[in-house]
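Text of start25.cif, listed as mmCIF, C-alpha atoms:
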data_structure
loop_
_atom_site.label_atom_id
_atom_site.label_comp_id
_atom_site.auth_asym_id
_atom_site.auth_seq_id
_atom_site.Cartn_x
_atom_site.Cartn_y
_atom_site.Cartn_z
CA MET A 29 -6.08 -23.61 10.88
CA LYS A 30 -9.01 -24.05 8.61
CA ARG A 31 -10.14 -21.78 5.88
CA THR A 32 -13.74 -20.97 6.68
CA LYS A 33 -16.59 -20.22 4.31
CA ALA A 34 -15.44 -17.90 1.55
CA GLY A 35 -16.18 -14.24 2.10
CA SER A 36 -17.17 -14.69 5.72
CA ILE A 37 -14.05 -13.08 7.19
CA SER A 38 -13.74 -9.30 7.29
CA HIS A 39 -11.16 -7.61 5.11
CA ASN A 40 -9.67 -5.95 8.16
CA VAL A 41 -8.89 -9.35 9.70
CA ILE A 42 -7.39 -10.60 6.43
CA ARG A 43 -5.25 -7.47 6.11
CA ARG A 44 -3.80 -8.01 9.59
CA MET A 45 -2.67 -11.57 8.77
CA PRO A 46 0.41 -10.50 6.74
CA ARG A 47 1.42 -8.21 9.61
CA TYR A 48 1.22 -11.11 12.05
CA LEU A 49 3.30 -13.18 9.65
CA ARG A 50 6.02 -10.53 9.39
CA ARG A 51 6.19 -10.12 13.14
CA LEU A 52 6.33 -13.88 13.73
CA ASP A 53 9.18 -14.13 11.20
CA GLU A 54 11.05 -11.44 13.12
CA LEU A 55 10.42 -13.23 16.43
CA SER A 56 11.63 -16.51 14.93
CA GLU A 57 14.79 -14.83 13.67
CA SER A 58 15.43 -13.51 17.19
CA GLY A 59 15.14 -17.08 18.52
CA ILE A 60 11.83 -16.51 20.33
CA GLU A 61 9.78 -19.71 20.45
CA ARG A 62 6.54 -18.68 22.08
CA ILE A 63 4.60 -15.49 22.68
CA SER A 64 1.43 -14.50 24.51
CA SER A 65 -1.37 -12.56 22.82
CA LYS A 66 -0.55 -9.74 25.28
CA GLU A 67 3.07 -9.45 24.14
CA LEU A 68 2.19 -9.84 20.46
CA GLY A 69 -0.47 -7.17 20.89
CA GLU A 70 1.96 -4.75 22.50
CA GLN A 71 4.40 -5.20 19.64
CA LEU A 72 1.74 -4.55 17.01
CA GLY A 73 -0.36 -1.92 18.74
CA LEU A 74 -3.37 -4.24 19.06
CA THR A 75 -5.28 -5.49 22.10
CA PRO A 76 -4.78 -9.14 23.14
CA SER A 77 -8.51 -9.77 22.68
CA GLN A 78 -8.40 -8.46 19.12
CA ILE A 79 -5.55 -10.86 18.35
CA ARG A 80 -7.39 -13.82 19.86
CA GLN A 81 -10.53 -12.83 17.97
CA ASP A 82 -8.64 -12.55 14.67
CA PHE A 83 -7.13 -16.01 15.02
CA SER A 84 -10.41 -17.53 16.17
CA CYS A 85 -11.80 -16.77 12.68
CA PHE A 86 -9.62 -19.62 11.46
CA GLY A 87 -10.05 -22.13 14.28
CA GLU A 88 -8.59 -22.73 17.73
CA PHE A 89 -4.96 -22.49 18.63
CA GLY A 90 -2.69 -21.22 21.31
CA GLN A 91 -3.00 -22.58 24.82
CA GLN A 92 -4.38 -20.74 27.84
CA GLY A 93 -1.41 -19.60 29.93
CA TYR A 94 1.14 -20.90 27.43
CA GLY A 95 0.65 -18.56 24.51
CA TYR A 96 1.37 -19.28 20.89
CA ASN A 97 4.14 -21.42 19.48
CA VAL A 98 5.78 -18.87 17.16
CA ARG A 99 6.83 -21.27 14.44
CA ALA A 100 3.58 -23.28 14.38
CA LEU A 101 1.45 -20.12 14.30
CA ARG A 102 3.60 -18.75 11.47
CA GLU A 103 3.02 -21.90 9.41
CA GLN A 104 -0.71 -21.79 10.02
CA ILE A 105 -0.94 -18.17 8.92
CA ALA A 106 1.23 -18.90 5.87
CA GLY A 107 -1.25 -21.63 4.95
CA ILE A 108 -4.24 -19.31 5.38
CA LEU A 109 -2.54 -16.77 3.11
CA GLY A 110 -1.96 -19.36 0.39
CA MET A 111 1.83 -19.19 0.65
CA ASP A 112 2.08 -22.98 0.21
CA ARG A 113 0.24 -23.09 -3.12
CA GLY A 114 3.12 -22.39 -5.49
CA PHE A 115 1.35 -19.43 -7.07
CA GLN A 116 2.91 -18.32 -10.36
CA ALA A 117 3.15 -14.61 -11.20
CA ILE A 118 3.98 -12.70 -14.36
CA LEU A 119 5.06 -9.07 -14.52
CA ILE A 120 3.60 -6.76 -17.15
CA GLY A 121 5.75 -3.65 -17.68
CA VAL A 122 9.46 -3.43 -16.91
CA GLY A 123 9.85 0.28 -16.12
CA ASN A 124 11.23 1.61 -12.84
CA ILE A 125 8.65 -0.12 -10.69
CA GLY A 126 8.88 -3.34 -12.66
CA HIS A 127 12.66 -3.26 -12.35
CA ALA A 128 12.45 -2.56 -8.63
CA LEU A 129 10.15 -5.57 -8.19
CA MET A 130 12.39 -7.85 -10.28
CA ASP A 131 15.58 -6.75 -8.55
CA ASN A 132 14.55 -6.24 -4.94
CA PHE A 133 11.24 -7.86 -4.18
CA CYS A 134 11.71 -11.46 -3.16
CA PHE A 135 8.54 -13.10 -4.49
CA SER A 136 9.68 -16.51 -3.25
CA ASP A 137 9.75 -15.27 0.36
CA TRP A 138 5.98 -14.95 0.04
CA GLY A 139 5.29 -18.24 -1.71
CA PHE A 140 5.22 -16.81 -5.24
CA HIS A 141 7.35 -17.57 -8.26
CA LEU A 142 7.90 -14.71 -10.70
CA ALA A 143 7.99 -16.75 -13.89
CA ALA A 144 8.13 -14.20 -16.70
CA ALA A 145 7.97 -10.51 -17.58
CA PHE A 146 6.48 -8.71 -20.57
CA ASP A 147 7.20 -5.34 -22.15
CA ILE A 148 6.89 -3.51 -25.47
CA LYS A 149 10.40 -2.01 -25.57
CA PRO A 150 12.53 -3.85 -28.15
CA ASN A 151 15.75 -3.30 -26.15
CA LEU A 152 14.26 -5.17 -23.17
CA ILE A 153 12.70 -8.14 -24.98
CA GLY A 154 14.73 -11.31 -24.67
CA ARG A 155 16.81 -10.01 -21.75
CA GLU A 156 16.87 -11.63 -18.33
CA PHE A 157 16.96 -10.07 -14.86
CA GLN A 158 17.35 -12.29 -11.80
CA ASP A 159 16.60 -15.33 -13.98
CA VAL A 160 13.32 -13.83 -15.19
CA LYS A 161 13.03 -13.53 -18.96
CA ILE A 162 11.34 -10.55 -20.61
CA TYR A 163 8.97 -11.44 -23.44
CA ALA A 164 7.22 -9.25 -26.02
CA MET A 165 3.62 -8.28 -25.25
CA GLU A 166 2.60 -10.16 -28.43
CA GLU A 167 3.70 -13.37 -26.70
CA LEU A 168 1.45 -12.80 -23.66
CA SER A 169 -1.64 -14.75 -24.79
CA GLU A 170 0.38 -17.73 -25.89
CA TYR A 171 2.39 -17.69 -22.67
CA ILE A 172 -0.75 -17.67 -20.52
CA HIS A 173 -2.25 -20.56 -22.45
CA SER A 174 0.88 -22.72 -22.16
CA HIS A 175 1.85 -21.91 -18.54
CA ARG A 176 0.17 -21.73 -15.18
CA VAL A 177 -0.38 -18.08 -14.25
CA ASP A 178 -2.15 -17.21 -11.00
CA VAL A 179 -1.41 -13.50 -10.71
CA ALA A 180 -0.43 -10.71 -13.10
CA VAL A 181 1.61 -7.86 -11.66
CA LEU A 182 0.53 -4.73 -13.52
CA ALA A 183 3.29 -2.10 -13.72
CA VAL A 184 2.52 -0.50 -17.07
CA PRO A 185 2.08 3.25 -17.74
CA LYS A 186 -1.28 4.67 -16.70
CA GLU A 187 -2.70 4.87 -20.22
CA ALA A 188 -2.04 1.15 -20.81
CA ALA A 189 -3.70 -0.02 -17.60
CA ILE A 190 -7.23 -0.60 -18.90
CA PRO A 191 -6.39 -2.20 -22.29
CA VAL A 192 -3.79 -4.53 -20.69
CA THR A 193 -6.29 -5.51 -17.99
CA GLN A 194 -8.82 -6.36 -20.71
CA LEU A 195 -6.22 -8.47 -22.49
CA LEU A 196 -5.39 -10.31 -19.27
CA THR A 197 -9.04 -10.90 -18.44
CA GLU A 198 -9.79 -12.18 -21.95
CA ASN A 199 -6.99 -14.67 -21.46
CA GLY A 200 -8.49 -15.96 -18.22
CA ILE A 201 -6.32 -14.14 -15.68
CA ASP A 202 -8.52 -13.41 -12.66
CA ALA A 203 -6.09 -11.78 -10.22
CA ILE A 204 -4.11 -8.58 -10.68
CA TRP A 205 -1.59 -6.88 -8.40
CA ASN A 206 -2.05 -3.32 -9.57
CA PHE A 207 0.72 -0.69 -9.42
CA THR A 208 -0.82 1.65 -12.02
CA ASN A 209 -2.85 3.95 -9.76
CA VAL A 210 -5.85 3.36 -12.05
CA GLU A 211 -9.06 1.77 -10.69
CA LEU A 212 -9.24 -1.36 -12.84
CA THR A 213 -12.66 -2.80 -12.16
CA GLY A 214 -16.12 -1.74 -11.20
CA PRO A 215 -18.01 -3.42 -8.38
CA GLY A 216 -19.21 -6.89 -9.32
CA SER A 217 -16.19 -7.64 -11.52
CA PRO A 218 -14.98 -11.24 -11.20
CA THR A 219 -11.34 -10.10 -11.31
CA ILE A 220 -9.56 -9.94 -7.95
CA VAL A 221 -7.58 -6.71 -7.81
CA GLU A 222 -5.18 -5.63 -5.09
CA ASN A 223 -4.06 -2.05 -5.53
CA ILE A 224 -0.83 -0.40 -4.51
CA HIS A 225 -1.85 3.25 -4.60
CA PHE A 226 1.23 5.22 -3.63
CA SER A 227 -0.78 8.44 -3.61
CA ASP A 228 -3.44 7.09 -1.21
CA SER A 229 -0.69 6.20 1.20
CA LEU A 230 1.08 9.55 0.89
CA LEU A 231 -2.20 11.43 1.36
CA THR A 232 -3.01 9.41 4.47
CA LEU A 233 0.38 10.44 5.84
CA SER A 234 -0.34 14.00 4.75
CA TYR A 235 -3.59 13.98 6.74
CA PHE A 236 -1.80 12.98 9.94
CA VAL A 237 0.99 15.51 9.41
CA ALA A 238 -1.58 18.27 8.88
CA GLU A 239 -3.40 17.15 12.03
CA ARG A 240 -0.13 17.19 13.99
CA ARG A 241 0.71 20.71 12.75
CA ASP A 242 -2.75 21.95 13.74
CA GLU A 243 -2.37 20.46 17.21
CA ASN A 244 1.03 22.07 17.66
CA GLU A 245 -0.29 25.44 16.51
CA ALA A 246 -3.25 25.21 18.87
CA LYS A 247 -0.89 24.37 21.73
CA ALA A 248 1.41 27.26 20.85
CA ALA A 249 -1.54 29.67 20.66
CA LYS A 250 -2.76 28.48 24.05
CA ALA A 251 0.70 28.87 25.60
CA GLU A 252 0.89 32.48 24.35
CA LYS A 253 -2.30 33.47 26.11
CA MET B 30 -15.15 21.19 5.58
CA LYS B 31 -13.70 21.52 8.99
CA ARG B 32 -11.03 19.43 10.54
CA THR B 33 -12.52 18.08 13.74
CA LYS B 34 -10.85 17.19 17.00
CA ALA B 35 -7.60 15.34 16.36
CA GLY B 36 -7.79 11.57 16.54
CA SER B 37 -11.59 11.51 16.60
CA ILE B 38 -12.04 10.20 13.05
CA SER B 39 -11.55 6.52 12.33
CA HIS B 40 -8.60 5.43 10.23
CA ASN B 41 -10.97 3.70 7.83
CA VAL B 42 -12.72 6.98 7.04
CA ILE B 43 -9.39 8.76 6.59
CA ARG B 44 -8.14 6.00 4.27
CA ARG B 45 -11.21 6.38 2.06
CA MET B 46 -10.62 10.12 1.56
CA PRO B 47 -7.79 9.70 -1.00
CA ARG B 48 -10.01 7.27 -2.94
CA TYR B 49 -12.80 9.87 -3.06
CA LEU B 50 -10.27 12.43 -4.24
CA ARG B 51 -9.00 10.21 -7.07
CA ARG B 52 -12.52 9.46 -8.23
CA LEU B 53 -13.57 13.12 -8.10
CA ASP B 54 -10.47 14.01 -10.17
CA GLU B 55 -11.51 11.42 -12.76
CA LEU B 56 -15.08 12.76 -12.79
CA SER B 57 -13.80 16.31 -13.22
CA GLU B 58 -11.60 15.23 -16.13
CA SER B 59 -14.66 13.66 -17.78
CA GLY B 60 -16.48 16.96 -17.45
CA ILE B 61 -18.95 15.78 -14.79
CA GLU B 62 -20.00 18.63 -12.51
CA ARG B 63 -22.18 17.00 -9.91
CA ILE B 64 -22.78 13.54 -8.54
CA SER B 65 -25.19 11.93 -6.08
CA SER B 66 -23.97 9.81 -3.17
CA LYS B 67 -25.75 6.90 -4.88
CA GLU B 68 -23.77 7.23 -8.12
CA LEU B 69 -20.49 7.86 -6.29
CA GLY B 70 -21.17 4.83 -4.12
CA GLU B 71 -21.82 2.61 -7.13
CA GLN B 72 -18.55 3.69 -8.70
CA LEU B 73 -16.57 2.95 -5.55
CA GLY B 74 -18.38 -0.11 -4.25
CA LEU B 75 -19.70 1.74 -1.19
CA THR B 76 -23.24 2.39 0.00
CA PRO B 77 -24.64 5.94 -0.34
CA SER B 78 -25.17 6.09 3.41
CA GLN B 79 -21.54 5.20 4.08
CA ILE B 80 -20.45 8.01 1.80
CA ARG B 81 -22.76 10.53 3.50
CA GLN B 82 -21.54 9.31 6.89
CA ASP B 83 -17.88 9.64 5.88
CA PHE B 84 -18.31 13.22 4.71
CA SER B 85 -20.42 14.13 7.74
CA CYS B 86 -17.30 13.57 9.87
CA PHE B 87 -15.98 16.81 8.40
CA GLY B 88 -19.14 18.92 8.36
CA GLU B 89 -22.17 19.34 6.14
CA PHE B 90 -22.11 19.52 2.40
CA GLY B 91 -23.99 18.30 -0.59
CA GLN B 92 -27.61 19.25 -1.04
CA GLN B 93 -30.60 16.95 -0.67
CA GLY B 94 -31.75 16.02 -4.18
CA TYR B 95 -28.91 17.91 -5.85
CA GLY B 96 -25.93 15.80 -4.90
CA TYR B 97 -22.37 17.00 -4.58
CA ASN B 98 -20.63 19.64 -6.66
CA VAL B 99 -17.67 17.60 -7.92
CA ARG B 100 -15.13 20.41 -7.98
CA ALA B 101 -16.12 21.91 -4.62
CA LEU B 102 -16.13 18.54 -2.90
CA ARG B 103 -12.71 17.77 -4.39
CA GLU B 104 -11.29 21.01 -2.99
CA GLN B 105 -12.75 20.33 0.43
CA ILE B 106 -11.25 16.85 0.55
CA ALA B 107 -7.90 18.18 -0.69
CA GLY B 108 -7.98 20.62 2.22
CA ILE B 109 -8.78 17.89 4.73
CA LEU B 110 -5.87 15.86 3.41
CA GLY B 111 -3.46 18.77 3.83
CA MET B 112 -2.77 19.09 0.10
CA ASP B 113 -2.80 22.88 0.36
CA ARG B 114 -0.07 23.11 2.99
CA GLY B 115 2.99 23.05 0.75
CA PHE B 116 4.51 20.06 2.54
CA GLN B 117 8.19 19.53 1.75
CA ALA B 118 9.55 16.00 1.35
CA ILE B 119 13.04 14.57 1.14
CA LEU B 120 13.95 11.14 -0.24
CA ILE B 121 16.44 8.94 1.57
CA GLY B 122 17.88 6.22 -0.66
CA VAL B 123 18.06 6.44 -4.46
CA GLY B 124 17.90 2.75 -5.42
CA ASN B 125 15.25 1.28 -7.72
CA ILE B 126 12.33 2.39 -5.60
CA GLY B 127 13.84 5.81 -4.98
CA HIS B 128 14.46 6.22 -8.71
CA ALA B 129 10.92 5.10 -9.52
CA LEU B 130 9.55 7.71 -7.11
CA MET B 131 11.77 10.49 -8.49
CA ASP B 132 11.01 9.66 -12.12
CA ASN B 133 7.37 8.62 -12.08
CA PHE B 134 5.63 9.70 -8.92
CA CYS B 135 4.28 13.20 -9.25
CA PHE B 136 4.59 14.54 -5.70
CA SER B 137 3.22 17.92 -6.75
CA ASP B 138 -0.08 16.33 -7.86
CA TRP B 139 -0.62 15.53 -4.19
CA GLY B 140 0.46 18.85 -2.74
CA PHE B 141 4.02 17.81 -1.92
CA HIS B 142 7.34 19.18 -3.12
CA LEU B 143 10.19 16.69 -3.34
CA ALA B 144 13.01 19.04 -2.41
CA ALA B 145 16.09 16.83 -2.10
CA ALA B 146 17.39 13.27 -2.11
CA PHE B 147 20.16 11.60 -0.11
CA ASP B 148 22.30 8.55 -0.76
CA ILE B 149 25.66 7.07 0.20
CA LYS B 150 26.81 6.06 -3.31
CA PRO B 151 29.56 8.45 -4.52
CA ASN B 152 28.46 8.13 -8.17
CA LEU B 153 25.00 9.46 -7.29
CA ILE B 154 25.96 12.34 -5.03
CA GLY B 155 25.73 15.72 -6.72
CA ARG B 156 23.58 14.41 -9.60
CA GLU B 157 20.08 15.64 -10.36
CA PHE B 158 16.98 13.76 -11.50
CA GLN B 159 13.83 15.67 -12.41
CA ASP B 160 15.33 18.81 -10.82
CA VAL B 161 15.91 17.02 -7.51
CA LYS B 162 19.51 17.09 -6.30
CA ILE B 163 21.10 14.09 -4.59
CA TYR B 164 23.14 14.93 -1.49
CA ALA B 165 25.51 12.80 0.60
CA MET B 166 24.04 11.29 3.77
CA GLU B 167 26.60 13.32 5.76
CA GLU B 168 24.77 16.47 4.61
CA LEU B 169 21.38 15.27 5.93
CA SER B 170 21.47 16.89 9.39
CA GLU B 171 22.62 20.22 8.05
CA TYR B 172 20.01 20.12 5.31
CA ILE B 173 17.20 19.45 7.76
CA HIS B 174 18.31 22.31 10.00
CA SER B 175 18.48 24.81 7.15
CA HIS B 176 15.34 23.79 5.23
CA ARG B 177 11.71 23.03 5.98
CA VAL B 178 11.19 19.26 5.87
CA ASP B 179 7.76 17.83 6.66
CA VAL B 180 8.14 14.24 5.49
CA ALA B 181 11.06 11.88 4.86
CA VAL B 182 10.54 9.19 2.23
CA LEU B 183 12.51 6.17 3.41
CA ALA B 184 13.69 3.96 0.53
CA VAL B 185 16.97 2.64 1.95
CA PRO B 186 17.99 -1.05 2.14
CA LYS B 187 16.37 -3.03 4.96
CA GLU B 188 19.46 -3.04 7.19
CA ALA B 189 19.69 0.76 7.09
CA ALA B 190 16.04 1.36 7.99
CA ILE B 191 16.37 1.59 11.78
CA PRO B 192 19.61 3.64 11.99
CA VAL B 193 18.39 6.10 9.35
CA THR B 194 15.07 6.46 11.16
CA GLN B 195 16.96 7.23 14.37
CA LEU B 196 19.03 9.85 12.56
CA LEU B 197 15.86 11.43 11.12
CA THR B 198 14.12 11.45 14.49
CA GLU B 199 17.15 12.97 16.23
CA ASN B 200 17.01 15.74 13.68
CA GLY B 201 13.37 16.48 14.43
CA ILE B 202 11.67 14.71 11.52
CA ASP B 203 8.35 13.38 12.80
CA ALA B 204 6.80 11.85 9.68
CA ILE B 205 8.13 9.02 7.54
CA TRP B 206 6.78 7.45 4.38
CA ASN B 207 8.27 4.00 4.74
CA PHE B 208 9.13 1.78 1.77
CA THR B 209 11.58 -0.46 3.65
CA ASN B 210 9.24 -3.25 4.78
CA VAL B 211 10.66 -2.84 8.31
CA GLU B 212 8.37 -1.84 11.22
CA LEU B 213 9.96 1.43 12.26
CA THR B 214 8.32 2.32 15.54
CA GLY B 215 6.73 0.69 18.51
CA PRO B 216 3.34 1.80 19.79
CA GLY B 217 3.47 5.15 21.55
CA SER B 218 6.22 6.54 19.30
CA PRO B 219 5.69 10.20 18.41
CA THR B 220 6.82 9.60 14.83
CA ILE B 221 4.03 9.33 12.24
CA VAL B 222 4.79 6.41 9.95
CA GLU B 223 2.89 5.39 6.85
CA ASN B 224 4.07 2.05 5.51
CA ILE B 225 4.07 0.75 1.99
CA HIS B 226 4.43 -2.96 2.59
CA PHE B 227 4.49 -4.59 -0.82
CA SER B 228 4.42 -8.04 0.77
CA ASP B 229 1.31 -7.34 2.86
CA SER B 230 -0.47 -6.32 -0.29
CA LEU B 231 0.69 -9.36 -2.26
CA LEU B 232 -0.29 -11.70 0.57
CA THR B 233 -3.75 -10.15 0.78
CA LEU B 234 -4.12 -10.84 -2.93
CA SER B 235 -2.75 -14.35 -2.34
CA TYR B 236 -5.45 -14.97 0.27
CA PHE B 237 -8.23 -14.08 -2.14
CA VAL B 238 -6.71 -16.13 -4.96
CA ALA B 239 -6.45 -19.16 -2.64
CA GLU B 240 -10.06 -18.62 -1.58
CA ARG B 241 -11.15 -18.44 -5.22
CA ARG B 242 -9.26 -21.65 -6.08
CA ASP B 243 -10.89 -23.44 -3.13
CA GLU B 244 -14.33 -22.27 -4.22
CA ASN B 245 -13.75 -23.46 -7.77
CA GLU B 246 -12.49 -26.84 -6.57
CA ALA B 247 -15.51 -27.25 -4.29
CA LYS B 248 -17.80 -26.40 -7.19
CA ALA B 249 -16.03 -28.86 -9.48
CA ALA B 250 -16.23 -31.62 -6.84
CA LYS B 251 -19.95 -30.94 -6.41
CA ALA B 252 -20.53 -31.04 -10.17
CA GLU B 253 -18.79 -34.42 -10.41
CA LYS B 254 -21.08 -36.05 -7.87
#

Any chance you could give the structure as structure tokens?
Amino acid sequence: MKRTKAGSISHNVIRRMPRYLRRLDELSESGIERISSKELGEQLGLTPSQIRQDFSCFGEFGQQGYGYNVRALREQIAGILGMDRGFQAILIGVGNIGHALMDNFCFSDWGFHLAAAFDIKPNLIGREFQDVKIYAMEELSEYIHSHRVDVAVLAVPKEAAIPVTQLLTENGIDAIWNFTNVELTGPGSPTIVENIHFSDSLLTLSYFVAERRDENEAKAAKAEK
Amino acid sequence: MKRTKAGSISHNVIRRMPRYLRRLDELSESGIERISSKELGEQLGLTPSQIRQDFSCFGEFGQQGYGYNVRALREQIAGILGMDRGFQAILIGVGNIGHALMDNFCFSDWGFHLAAAFDIKPNLIGREFQDVKIYAMEELSEYIHSHRVDVAVLAVPKEAAIPVTQLLTENGIDAIWNFTNVELTGPGSPTIVENIHFSDSLLTLSYFVAERRDENEAKAAKAEK
């Protein structure tokens, strides 16, 4: 699969790629070697034509009447997502979320290497978790200039989000995985930011629960009549 | 703002609502009382017409030439999102992520009350964090039948995700906030699931970083010629 002209592929298509990857991994684990766009669509709640259209953004593959080779498709999607690039990540902030990421999130499963962590708490500095060493924030600039760093994982308290982002940007970091719930950049910023907003997700769930409750109430009211 | 017919509003519009809410909260904190769709759009990287279109899904508000009243708009969006319904949540699994949610995530800011937590580890059962008591998993069914529970927050290890979901569903829970990275339901399931897939988010970031690196390389190659 080829990467096409930058920026030409819709965000919605890009956001579905990791879902395809996860599903293909699960299929592979179950020993399934090929799958049709119809079956894959049913498993993911998408139409077969949407799936074919998504993949066609990156070139031709799959064979009419044969379907997709699960393992080959998985490798192609992994390549599109940059999983074969050896991206190096650093973690800023070793609180609960930082700890959870260090302990439970397997960066290497997704092509990343978590190379170092940084914090301001003296009792954390110099310690190691899962082979990742925690450095002092004062060491950040020097670390960045002497190591390859592709992505900074931002898990600092809310009030530190903006100053730490400025520090990272000044040191040439152009990609941030943001757990702080703070909007880091305005439009037009050269920094690539991917946000994990827990609250946005909970409120989306909340919307659908409220909708469900309203439906049920309306049904109940109708039944009473 | 009125809630319109269930299912008639696109997921993309619904997913933008929490972002509007966050921004309006920030504007309110800065003492700003009204804002035009143009200004709001600039701050969020959206066009004014998209913003007007989004809000028009829920009825008319804002005045031509006056803009939106920040506080009133915030309250209307909060209502749409169900933040005024007193939703009750329970947490299943008090590992790193569960702890992070109990300690740092302010459910009440988003209209939720985290009422109880459940785990299988004997050293956790009976303890309290931030006024939330941890119960044994064996007490889950009884708890659900004697308390209002609107949402279960699923933060158990991967291998427990499906059995715990079955247990929740059997006990009438129809909404799950899913931190397990496991797809919980097939299409057509009556359970409302909102996933936090850390890996999907990281891989989306990875895609854009790879794209950026390719652009830079192409530029460098061009400059060398």

Chain B contacts on chain A, only C-alpha atoms, 8 Å, as number ranges by chain: A: 34, 42-43, 46-47, 70-73, 108-111, 113, 124-125, 127-128, 138, 178, 203, 205, 214-215, 220-224, 226-239, 243

May I have the selected residues written with C-alpha atoms, as a compact mmCIF listing (two decimals), in the coordinates of the input?
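To be explicit, this is the file written out as again-v6.txt:
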# COMPACT_ATOMS: atom_id res chain seq x y z
CA ALA A 34 -15.44 -17.90 1.55
CA ILE A 42 -7.39 -10.60 6.43
CA ARG A 43 -5.25 -7.47 6.11
CA PRO A 46 0.41 -10.50 6.74
CA ARG A 47 1.42 -8.21 9.61
CA GLU A 70 1.96 -4.75 22.50
CA GLN A 71 4.40 -5.20 19.64
CA LEU A 72 1.74 -4.55 17.01
CA GLY A 73 -0.36 -1.92 18.74
CA ILE A 108 -4.24 -19.31 5.38
CA LEU A 109 -2.54 -16.77 3.11
CA GLY A 110 -1.96 -19.36 0.39
CA MET A 111 1.83 -19.19 0.65
CA ARG A 113 0.24 -23.09 -3.12
CA ASN A 124 11.23 1.61 -12.84
CA ILE A 125 8.65 -0.12 -10.69
CA HIS A 127 12.66 -3.26 -12.35
CA ALA A 128 12.45 -2.56 -8.63
CA TRP A 138 5.98 -14.95 0.04
CA ASP A 178 -2.15 -17.21 -11.00
CA ALA A 203 -6.09 -11.78 -10.22
CA TRP A 205 -1.59 -6.88 -8.40
CA GLY A 214 -16.12 -1.74 -11.20
CA PRO A 215 -18.01 -3.42 -8.38
CA ILE A 220 -9.56 -9.94 -7.95
CA VAL A 221 -7.58 -6.71 -7.81
CA GLU A 222 -5.18 -5.63 -5.09
CA ASN A 223 -4.06 -2.05 -5.53
CA ILE A 224 -0.83 -0.40 -4.51
CA PHE A 226 1.23 5.22 -3.63
CA SER A 227 -0.78 8.44 -3.61
CA ASP A 228 -3.44 7.09 -1.21
CA SER A 229 -0.69 6.20 1.20
CA LEU A 230 1.08 9.55 0.89
CA LEU A 231 -2.20 11.43 1.36
CA THR A 232 -3.01 9.41 4.47
CA LEU A 233 0.38 10.44 5.84
CA SER A 234 -0.34 14.00 4.75
CA TYR A 235 -3.59 13.98 6.74
CA PHE A 236 -1.80 12.98 9.94
CA VAL A 237 0.99 15.51 9.41
CA ALA A 238 -1.58 18.27 8.88
CA GLU A 239 -3.40 17.15 12.03
CA GLU A 243 -2.37 20.46 17.21

Target residues per the PyMOL selection byres ((chain B and resi 185) around 7), formatted as an MDAnalysis selection string: chainID B and resid 121:122 183:184 186:187 189:190 209

Picked residues, the PyMOL selection byres ((chain B and resi 176) around 12), expected as a ChimeraX atom specification: /B:116-119,144-145,168-175,177-180,200-202

Distance of atom CA of Pro218 of chain A from atom CA of Glu253 of chain B, expressed in Å to one decimal place: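 Separation between atom CA of Glu253 of chain B and atom CA of Pro218 of chain A: 23.5 Å.
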
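Between atom CA of Phe208 of chain B and atom CA of Ser137 of chain B there is a distance of 19.2 Å.
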
Explicit residues for the PyMOL selection byres ((chain B and resi 149-157) around 10) (as number ranges by chain): B: 121-124, 131, 145-148, 158-167, 185

First collect every listed atom of segment 245-252 of chain A; then fit an axis-aligned box around them, widen it by 3 Å on each side, and give centre and edge lengths in Å to one decimal, as lines of an AutoDock Vina configuration file.
center_x = -0.9
center_y = 28.4
center_z = 21.1
size_x = 10.7
size_y = 14.1
size_z = 15.1
